[in-house]
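A.B. asks: If it helps, the file is called start_9.cif and holds mmCIF, C-alpha atoms:
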data_run
loop_
_atom_site.label_atom_id
_atom_site.label_comp_id
_atom_site.auth_asym_id
_atom_site.auth_seq_id
_atom_site.Cartn_x
_atom_site.Cartn_y
_atom_site.Cartn_z
CA ALA A 141 0.00 0.00 0.00
CA ALA A 142 2.87 2.39 0.79
CA LYS A 143 4.40 1.78 -2.64
CA ALA A 144 1.04 2.33 -4.34
CA LYS A 145 0.77 5.70 -2.57
CA ASN A 146 4.36 6.60 -3.51
CA ILE A 147 5.47 6.93 0.12
CA GLN A 148 9.01 8.33 0.12
CA HIS A 149 10.14 7.29 3.60
CA PHE A 150 8.49 4.85 6.00
CA VAL A 151 9.31 4.99 9.72
CA ILE A 152 8.23 2.23 12.09
CA VAL A 153 8.52 2.11 15.87
CA SER A 154 9.48 -1.33 17.13
CA SER A 155 11.06 -2.34 20.49
CA LEU A 156 14.39 -3.07 22.10
CA CYS A 157 15.23 -6.77 22.36
CA VAL A 158 13.25 -7.96 19.32
CA SER A 159 16.22 -10.16 18.43
CA LYS A 160 16.02 -11.99 21.79
CA PHE A 161 13.50 -14.80 21.32
CA LEU A 162 13.81 -15.90 24.96
CA HIS A 163 12.61 -12.54 26.29
CA PRO A 164 9.71 -12.30 28.78
CA LEU A 165 7.65 -10.15 26.38
CA ASN A 166 7.48 -13.10 24.00
CA LEU A 167 5.48 -14.97 26.63
CA PHE A 168 2.57 -12.73 25.61
CA TRP A 169 1.60 -13.77 22.09
CA LEU A 170 5.21 -13.49 20.84
CA VAL A 171 5.05 -9.69 20.84
CA LEU A 172 8.75 -9.14 20.11
CA PHE A 173 8.89 -11.97 17.57
CA TRP A 174 6.14 -10.35 15.48
CA LYS A 175 7.75 -6.91 15.72
CA LYS A 176 10.96 -8.44 14.37
CA GLN A 177 8.97 -9.93 11.46
CA ALA A 178 7.54 -6.48 10.69
CA GLU A 179 11.06 -5.02 10.67
CA ARG A 180 12.27 -7.67 8.21
CA TYR A 181 9.25 -7.14 5.97
CA LEU A 182 9.93 -3.40 5.82
CA GLN A 183 13.66 -3.91 5.19
CA ASP A 184 12.88 -6.30 2.32
CA SER A 185 10.13 -4.11 0.84
CA GLY A 186 12.32 -1.84 -1.25
CA LEU A 187 10.94 1.23 0.54
CA THR A 188 13.23 3.78 2.13
CA TYR A 189 12.83 3.13 5.85
CA THR A 190 13.92 3.92 9.35
CA ILE A 191 13.27 1.46 12.16
CA VAL A 192 13.27 2.94 15.66
CA ARG A 193 13.61 0.57 18.62
CA PRO A 194 12.90 2.47 21.84
CA GLY A 195 13.52 1.21 25.35
CA GLY A 196 10.78 1.16 27.98
CA LEU A 197 8.28 3.92 27.30
CA LEU A 198 7.75 6.60 29.94
CA ASN A 199 4.76 8.94 30.29
CA ARG A 200 7.02 11.55 31.92
CA GLU A 201 10.18 13.35 30.97
CA LYS A 202 13.54 11.93 32.03
CA GLU A 203 16.77 13.80 32.71
CA GLY A 204 19.67 13.08 30.39
CA GLY A 205 20.60 12.87 26.76
CA LEU A 206 19.45 10.64 23.97
CA VAL A 207 21.46 7.50 23.24
CA LEU A 208 20.99 6.47 19.59
CA VAL A 209 22.92 3.39 18.43
CA GLY A 210 22.76 0.58 15.89
CA ALA A 211 20.82 -2.68 16.08
CA ASP A 212 21.20 -5.17 18.92
CA THR A 213 23.33 -2.86 21.03
CA LEU A 214 20.97 -1.87 23.86
CA PHE A 215 19.10 -4.36 26.03
CA GLU A 216 17.72 -2.11 28.75
CA GLY A 217 16.82 1.49 29.41
CA SER A 218 13.86 3.79 29.13
CA ILE A 219 12.76 6.82 27.16
CA PRO A 220 9.92 9.36 27.32
CA ARG A 221 7.26 8.87 24.65
CA THR A 222 7.80 12.50 23.60
CA LYS A 223 11.44 11.75 22.75
CA VAL A 224 10.42 8.70 20.68
CA SER A 225 8.04 10.96 18.75
CA GLN A 226 10.79 13.52 18.13
CA VAL A 227 13.17 10.87 16.80
CA THR A 228 10.46 9.37 14.60
CA VAL A 229 9.50 12.69 13.02
CA GLU A 230 13.10 13.86 12.56
CA ALA A 231 13.93 10.57 10.83
CA LEU A 232 11.58 11.58 8.02
CA PHE A 233 13.68 14.66 7.25
CA GLU A 234 17.20 13.33 7.85
CA ASP A 235 19.17 11.78 4.99
CA ASN A 236 21.37 10.08 7.60
CA ALA A 237 18.30 8.23 8.93
CA LYS A 238 17.48 6.52 5.64
CA ASN A 239 17.63 2.72 5.62
CA LYS A 240 18.81 2.56 9.21
CA LEU A 241 17.73 0.62 12.25
CA VAL A 242 18.40 2.47 15.51
CA GLU A 243 17.89 1.77 19.18
CA ILE A 244 17.12 4.66 21.53
CA VAL A 245 17.01 5.34 25.27
CA VAL A 246 17.69 8.37 27.46
CA ASN A 247 20.65 8.14 29.82
CA ALA A 248 21.28 10.51 32.73
CA ASP A 249 25.05 10.43 32.09
CA THR A 250 24.80 11.24 28.37
CA PRO A 251 25.09 14.84 27.17
CA ASP A 252 22.26 16.15 25.02
CA ARG A 253 23.11 16.26 21.29
CA PRO A 254 21.02 17.07 18.21
CA ILE A 255 19.13 14.08 16.82
CA ALA A 256 20.48 14.74 13.32
CA GLU A 257 24.03 14.50 14.66
CA LEU A 258 23.22 11.20 16.37
CA PHE A 259 21.78 9.67 13.18
CA ALA A 260 25.03 10.55 11.40
CA THR A 261 27.04 8.45 13.86
CA VAL A 262 25.11 5.20 13.23
#
In structure tokens, what does this structure look like?
C.D. replies:
Amino acid sequence: AAKAKNIQHFVIVSSLCVSKFLHPLNLFWLVLFWKKQAERYLQDSGLTYTIVRPGGLLNREKEGGLVLVGADTLFEGSIPRTKVSQVTVEALFEDNAKNKLVEIVVNADTPDRPIAELFATV
């Protein structure tokens, strides 16, 4: 459907630990397993994509800077939903976000840096 509508860049929000089959979240209808399948489908689709894997979602702000790294690097951490939204929207406008899979959390010991700069390092 995205190809038929000539979508230029598709961003999907997934989850940390989707590559760990023996994760507690897979006890509930294989949640992480199916998210991993969606990631693969998007990567194989031929669309320009960005896959964002956030840590545990928070309904409040959290002190610290954004950590944005490549796939299967982070296995714990949390992030405010507002920060996930910012990363997702900025990915649509950043050339350095195209065809990348990134994991994100906020860490109290990490200095704050522009999201565009972080995408360039992955």
A.B. asks: What separation in Å, quoted to one decimal, exists between CA of Val209 in chain A and CA of Val171 in chain A?
C.D. replies: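 Between CA of Val209 in chain A and CA of Val171 in chain A the gap is 22.3 Å.
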A.B. asks: Identify all residues satisfying the PyMOL selection byres ((chain A and resi 241-244) around 8) in the given file; provide them as a PDB file with C-alpha atoms, in the frame of the given file.
C.D. replies:
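What ended up in out-v1.pdb:
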ATOM      1  CA  LEU A 156      14.390  -3.070  22.100  1.00  0.00           C
ATOM      2  CA  THR A 190      13.920   3.920   9.350  1.00  0.00           C
ATOM      3  CA  ILE A 191      13.270   1.460  12.160  1.00  0.00           C
ATOM      4  CA  VAL A 192      13.270   2.940  15.660  1.00  0.00           C
ATOM      5  CA  ARG A 193      13.610   0.570  18.620  1.00  0.00           C
ATOM      6  CA  PRO A 194      12.900   2.470  21.840  1.00  0.00           C
ATOM      7  CA  GLY A 195      13.520   1.210  25.350  1.00  0.00           C
ATOM      8  CA  LEU A 206      19.450  10.640  23.970  1.00  0.00           C
ATOM      9  CA  VAL A 207      21.460   7.500  23.240  1.00  0.00           C
ATOM     10  CA  LEU A 208      20.990   6.470  19.590  1.00  0.00           C
ATOM     11  CA  VAL A 209      22.920   3.390  18.430  1.00  0.00           C
ATOM     12  CA  GLY A 210      22.760   0.580  15.890  1.00  0.00           C
ATOM     13  CA  ALA A 211      20.820  -2.680  16.080  1.00  0.00           C
ATOM     14  CA  ASP A 212      21.200  -5.170  18.920  1.00  0.00           C
ATOM     15  CA  THR A 213      23.330  -2.860  21.030  1.00  0.00           C
ATOM     16  CA  LEU A 214      20.970  -1.870  23.860  1.00  0.00           C
ATOM     17  CA  ILE A 219      12.760   6.820  27.160  1.00  0.00           C
ATOM     18  CA  VAL A 224      10.420   8.700  20.680  1.00  0.00           C
ATOM     19  CA  ASN A 239      17.630   2.720   5.620  1.00  0.00           C
ATOM     20  CA  LYS A 240      18.810   2.560   9.210  1.00  0.00           C
ATOM     21  CA  VAL A 245      17.010   5.340  25.270  1.00  0.00           C
ATOM     22  CA  VAL A 246      17.690   8.370  27.460  1.00  0.00           C
ATOM     23  CA  VAL A 262      25.110   5.200  13.230  1.00  0.00           C
TER      24      VAL A 262
END
A.B. asks: Need to verify the contact set: range 175-177 of chain A, 8 Å, all atoms listed in the file, exclusion of same-chain residues closer than 5 positions in sequence. Can you return it as a ChimeraX atom specification?
C.D. replies: /A:154-155,158-159
A.B. asks: Around range 235-241 of chain A, with edges along x, y and z and 4 Å added on all six sides, what centre and edge lengths do you get, in Å to one decimal, as JSON?
C.D. replies:
{"center_x": 19.4, "center_y": 6.2, "center_z": 8.6, "size_x": 11.9, "size_y": 19.2, "size_z": 15.3}
A.B. asks: Between CA of Lys160 in chain A and CA of Leu258 in chain A, what is the distance, to one decimal in Å?
C.D. replies: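 We find that CA of Lys160 in chain A and CA of Leu258 in chain A lie 24.9 Å from each other.
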A.B. asks: In Å, how far is it from CA of Ala178 in chain A to CA of Ala260 in chain A?
C.D. replies: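 Those two atoms sit 24.4 Å apart.
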A.B. asks: Taking all atoms listed in the file into account, which of A:Thr188, A:Gln148, A:Asn247, A:Gln183 comes nearest Ser218 in chain A?
C.D. replies: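 Selected residue with least distance to Ser218 in chain A: A:Asn247.
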A.B. asks: Just so the selection is clear, what residues does the PyMOL selection byres ((chain A and resi 199) around 12) cover here, as a ChimeraX atom specification?
C.D. replies: /A:196-198,200-202,218-224
A.B. asks: Nearest to Gly205 in chain A among A:Leu162, A:Leu232, A:Leu172, A:Ala248, with distances taken over all atoms listed in the file: which residue is it?
C.D. replies: A:Ala248
A.B. asks: Which one is closest to Glu230 in chain A: A:Phe215, A:Val151, A:Asp252, A:Asp184? Count all atoms listed in the file.
C.D. replies: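 The closest residue to Glu230 in chain A is A:Val151.
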